[in-house]
Amino acid sequence: MRITAAALLAALLGLSAAADRSRRIEYEDLPEVLRHDLAAHAIAAPAFVAYIDSVQADTDRRVAEGEQEHLIYYALQSSRFTGRARIEPAVSARRFVAGLPEDERKRLLEDPSYVPRAGWPPSERARVADLLNALRTEPKDARLAYFRTLVEWDRPAAAIETLYADYVRVARFLYRKEFAAGNDAARIASLYESRPHSSDTQIEAGFGVYLGLGTLHALEPALRITRVLVVGPGLDLAPRTDLTDAVDPQSYQPLAVADALLALSLASDRDLRVHSVDVNPRVVRALEAAVRGPLTIHLFAGILETRDQPLRPEYRAYVDALGAAIGEETPAPRLVTSDRHYRRSIAVRPVVARALSVERLNIVTERLVNEPPFDVAVATNVLTYFDDRQLALALANITAMLRPGGYLLHNEPRAGLVETAASLGLPLLHTRAAILGGPPARPLYDTVWLHQKSRTPY
Ligand SMILES: C[S@@+](CC[C@H](N)C(=O)[O-])C[C@H]1O[C@@H](n2cnc3c(N)ncnc32)[C@H](O)[C@@H]1O
């Protein structure tokens with residue numbers, strides 16, 4: 001085949017356009033206040049490239065370890081590949097850690113690299129062995145097919161020993177979070193700053209965003225939003241509790257944001273664009289495939305209403321209406337509808353699916369360039385994974401991608417965030433609680449933080 005000069009040029013231009021969409025941040029991109037802060041931590045100009053390299057490498061490691069942890073959560077909970085009883089990961093972690101001799105338990109909790117000699121607890125090992133056995137023939141199920149790419153299924157004896165270290169990491173994190181940290185929110189938050197990345201997502205995350213957008217509408221009734229950035233949309237592969245695997249992994253947030261904007265008349269589907277960025281390639285691939293359409297989203301509730309845990313009427317109304325602005329309700333197979341978390345399925349209108357796009361990007365170390373600025377950025381359950389330096393860089397990158405007067409919605413309650421954001425030209429405009437339900441003394445709630453980028457350059 002002969003390639004003409006024009007075709008070659010077009011291909012090269014196409015490639016360079018794709019390559020130019022995002023780039024790594026440079027020291028010169030940072031506002032003065034952030035340079036000062038980094039310098040105080042021995043990250044001045046000469047050390048900046050090495051620092052960004054180390055954040056990038058650490059992120060890659062955290063993503064890779066997170067994938068292995070999803071596999072462990074799946075192995076313990078799914079009934080797709082075994083008839084054995086489901087094991088609740090936190091219960092397993094408590095049993096495992098409490099069963100260790102005192103000195104080993106202490107070492108496990110203090111030393112993140114320590115792997116106790118005890119070996120796999122038998123029931124957990126049996127489930128993992130069943131999973132490895134199921135992976136010997138190419139699975140049709142999307143989760144099984146993905147996990148097959150992560151393990152040496154053709155060498156099960158070696159694979160099961162390698163996975164033991166992943167199980168230990170899971171047990172250490174769950175024990176420290178669920179049992180050792182008690183109600184100490186700061187201690188729990190600090191665990192997240194270094195833990196492996198998780199892509200967990202539930203429709204519950206959309207409620208705070210919906211309320212935040214409602215506030216925006218009330219504050220600025222004439223506001224029309226056309227460009228939204230979703231940072232870390234996530235994908236519900238295998239969470240640490242309440243695994244629902246009746247359908248293939250789904251990402252809810254880009255659709256929930258579009259739904260909220262259309263329902264609140266803040267946007268029109270004629271010109272809305274919801275662009276997502278995520279550092280996990282699996283999340284990006286799944287969203288790319290979803291938006292190619294036709295797209296049906298199956299809505300599952302993470303929180304179930306019980307007598308002890310009533311839902312707030314506003315939250316119930318949110319869930320009842322979710323999806324109505326982006327498509328039509330459509331029937332689903334019985335296997336799906338019989339799941340007790342199932343709510344409904346929505347056939348998403350093609351114009352809405354076409355409004356979605358996604359690409360891989362590390363919000364701490366990279367930013368989009370040659371892209372029109374965004375009206376709103378949404379980042380829920382993402383900022384919590386960053387230490388204070390990384391958080392400041394992520395906020396600087398988000399600010400740079402917003403138009404003057406644009407908004408950031410997030411749910412990170414960390415002390416100091418509001419001051420850091422203000423110093424970067426992204427002051428707090430409004431904050432509120434989003435109460436989902438629960439008994440009055442122990443409500444289940446999220447917090448919503450709405451920042452607005454200064455209209456004058458910083
Ligand atoms: C826990 S999930 C939250 C998903 C969704 N936002 C929600 O609230 O349900 C976090 C997501 O953020 C992504 N993420 C973590 N660090 C990131 C980074 N540095 N840049 C971009 N995405 C990141 C993860 O890959 C994951 O998909």
# chains A, B, ... in the order shown; residues from 1 in each chain; ligands from 1
call {"tool": "residues_near_ligand", "arguments": {"ligand": "ligand 1", "cutoff": "6 Å", "atoms": "only C-alpha atoms and all ligand atoms", "output": "PyMOL selection string"}}
result
chain A and resi 197-202+205+231-234+277-280+361-364+379-382
call {"tool": "residues_around", "arguments": {"residues": "Ile52 (chain A)", "least_positions_apart": "6", "cutoff": "9 Å", "atoms": "only C-alpha atoms", "output": "number ranges by chain"}}
result
A: 24-26, 364-365
call {"tool": "residues_around", "arguments": {"residues": "Leu237 (chain A)", "least_positions_apart": "2", "cutoff": "12 Å", "atoms": "only C-alpha atoms", "output": "PyMOL selection string"}}
result
chain A and resi 66-75+77-78+141-147+198-202+234-235+239-251+282-283+286
call {"tool": "residues_around", "arguments": {"residues": "Arg442 (chain A)", "least_positions_apart": "6", "cutoff": "12 Å", "atoms": "only C-alpha atoms", "output": "PyMOL selection string"}}
result
chain A and resi 183+308-310+435-436
call {"tool": "write_last_selection", "arguments": {"atoms": "N, CA and C atoms", "output": "PDB file, in the first residue's frame"}}
result
ATOM      1  N   ASN A 183     -13.319   5.571  65.770  1.00  0.00           N
ATOM      2  CA  ASN A 183     -14.037   6.665  65.099  1.00  0.00           C
ATOM      3  C   ASN A 183     -13.114   7.822  64.754  1.00  0.00           C
ATOM      4  N   ASP A 308     -33.856   0.053  60.820  1.00  0.00           N
ATOM      5  CA  ASP A 308     -32.838   0.762  61.605  1.00  0.00           C
ATOM      6  C   ASP A 308     -32.129   1.836  60.797  1.00  0.00           C
ATOM      7  N   GLN A 309     -32.265   1.718  59.502  1.00  0.00           N
ATOM      8  CA  GLN A 309     -31.555   2.661  58.643  1.00  0.00           C
ATOM      9  C   GLN A 309     -32.504   3.256  57.607  1.00  0.00           C
ATOM     10  N   PRO A 310     -33.434   4.113  58.063  1.00  0.00           N
ATOM     11  CA  PRO A 310     -34.368   4.706  57.106  1.00  0.00           C
ATOM     12  C   PRO A 310     -33.643   5.696  56.194  1.00  0.00           C
ATOM     13  N   ILE A 435     -27.362  14.463  53.596  1.00  0.00           N
ATOM     14  CA  ILE A 435     -27.736  13.355  54.491  1.00  0.00           C
ATOM     15  C   ILE A 435     -28.569  12.348  53.705  1.00  0.00           C
ATOM     16  N   LEU A 436     -28.068  11.115  53.694  1.00  0.00           N
ATOM     17  CA  LEU A 436     -28.750  10.072  52.918  1.00  0.00           C
ATOM     18  C   LEU A 436     -29.779   9.342  53.767  1.00  0.00           C
TER      19      LEU A 436
END
call {"tool": "residues_around", "arguments": {"residues": "Val284 (chain A)", "least_positions_apart": "6", "cutoff": "7 Å", "atoms": "only C-alpha atoms", "output": "ChimeraX atom specification"}}
result
/A:278,358-360
call {"tool": "write_last_selection", "arguments": {"atoms": "N, CA and C atoms", "output": "compact mmCIF listing (two decimals), in the first residue's frame"}}
result
# COMPACT_ATOMS: atom_id res chain seq x y z
N ASP A 278 -9.30 9.73 34.10
CA ASP A 278 -9.02 8.78 35.17
C ASP A 278 -7.63 8.20 34.94
N VAL A 358 -13.81 10.41 27.39
CA VAL A 358 -12.93 10.02 28.50
C VAL A 358 -11.49 9.91 28.01
N GLU A 359 -10.55 10.16 28.88
CA GLU A 359 -9.15 9.87 28.56
C GLU A 359 -8.37 9.62 29.85
N ARG A 360 -7.19 9.01 29.65
CA ARG A 360 -6.35 8.72 30.81
C ARG A 360 -5.54 9.97 31.18
call {"tool": "closest_residue", "arguments": {"among": "A:Val336, A:Ala50, A:Val128, A:Val55", "to": "Arg389 (chain A)", "atoms": "only C-alpha atoms"}}
result
A:Val55
call {"tool": "residues_around", "arguments": {"residues": "Leu322 (chain A)", "least_positions_apart": "5", "cutoff": "10 Å", "atoms": "only C-alpha atoms", "output": "list of chain:residue names"}}
result
A:Ile203, A:Gly206, A:Phe207, A:Leu255, A:Ala256, A:Asp259, A:Ala260, A:Ala263, A:Leu299, A:Arg316, A:Ala317, A:Arg343, A:Arg344, A:Ile346
call {"tool": "closest_atom_pairs", "arguments": {"of": "region 359-385 of chain A", "to": "region 185-195 of chain A", "cutoff": "10 Å", "atoms": "only C-alpha atoms", "output": "tab-separated table"}}
result
residue	atom	partner	partner_atom	distance
A:Val382	CA	A:Tyr192	CA	9.9
A:Leu383	CA	A:Glu193	CA	8.9
A:Thr384	CA	A:Tyr192	CA	6.3
A:Tyr385	CA	A:Glu193	CA	4.4
call {"tool": "write_last_selection", "arguments": {"atoms": "all heavy atoms", "output": "CSV table (one decimal), in the first residue's frame"}}
result
chain,number,residue,atom,x,y,z
A,382,VAL,N,-11.9,11.1,45.3
A,382,VAL,CA,-10.6,11.0,44.6
A,382,VAL,C,-9.6,11.8,45.4
A,382,VAL,O,-8.5,11.2,45.6
A,382,VAL,CB,-10.8,11.7,43.2
A,382,VAL,CG1,-9.4,11.7,42.5
A,382,VAL,CG2,-11.8,11.0,42.4
A,383,LEU,N,-9.9,13.0,45.8
A,383,LEU,CA,-8.9,13.9,46.5
A,383,LEU,C,-8.4,13.2,47.7
A,383,LEU,O,-7.2,13.5,48.2
A,383,LEU,CB,-9.4,15.3,46.7
A,383,LEU,CG,-10.0,16.0,45.5
A,383,LEU,CD1,-10.6,17.3,45.9
A,383,LEU,CD2,-9.0,16.2,44.4
A,384,THR,N,-9.2,12.4,48.3
A,384,THR,CA,-8.8,11.7,49.6
A,384,THR,C,-7.6,10.8,49.4
A,384,THR,O,-6.9,10.5,50.4
A,384,THR,CB,-10.1,10.9,50.1
A,384,THR,OG1,-9.9,10.5,51.4
A,384,THR,CG2,-10.4,9.8,49.2
A,385,TYR,N,-7.3,10.4,48.2
A,385,TYR,CA,-6.1,9.5,48.0
A,385,TYR,C,-4.8,10.3,47.9
A,385,TYR,O,-3.8,9.7,47.7
A,385,TYR,CB,-6.3,8.8,46.6
A,385,TYR,CG,-7.4,7.6,46.8
A,385,TYR,CD1,-8.7,7.9,46.6
A,385,TYR,CD2,-7.0,6.3,47.1
A,385,TYR,CE1,-9.7,6.9,46.8
A,385,TYR,CE2,-7.9,5.3,47.2
A,385,TYR,CZ,-9.2,5.6,47.1
A,385,TYR,OH,-10.2,4.6,47.2
call {"tool": "residues_around", "arguments": {"residues": "Asn411 (chain A)", "least_positions_apart": "4", "cutoff": "6 Å", "atoms": "only C-alpha atoms", "output": "PyMOL selection string"}}
result
chain A and resi 380+447-449
call {"tool": "atom_distance", "arguments": {"atom1": "CA of Ala171 (chain A)", "atom2": "CA of Phe96 (chain A)"}}
result
7.3 Å
call {"tool": "closest_residue", "arguments": {"among": "A:Ser113, A:Thr215, A:Ser123, A:Ser454", "to": "Arg169 (chain A)", "atoms": "only C-alpha atoms"}}
result
A:Ser113
call {"tool": "closest_residue", "arguments": {"among": "A:Ala126, A:Ala134, A:Val376, A:Leu304", "to": "His275 (chain A)", "atoms": "only C-alpha atoms"}}
result
A:Val376
call {"tool": "closest_residue", "arguments": {"among": "A:Gly438, A:Gly212, A:Pro112, A:Pro156", "to": "Asp130 (chain A)", "atoms": "only C-alpha atoms"}}
result
A:Pro156
call {"tool": "closest_residue", "arguments": {"among": "A:Val33, A:Leu335, A:Ala355, A:Gly406", "to": "Glu419 (chain A)", "atoms": "only C-alpha atoms"}}
result
A:Val33
call {"tool": "closest_residue", "arguments": {"among": "A:Val352, A:Val209, A:Ala129, A:Leu393", "to": "Leu34 (chain A)", "atoms": "only C-alpha atoms"}}
result
A:Leu393
call {"tool": "atom_distance", "arguments": {"atom1": "CA of Asn133 (chain A)", "atom2": "CA of Thr82 (chain A)"}}
result
9.8 Å
call {"tool": "select_by_dssp", "arguments": {"residues": "region 134-271 of chain A", "states": "helix (DSSP H, G or I)", "output": "MDAnalysis selection string"}}
result
chainID A and resid 134 142:148 156:180 185:192 205:219 253:263
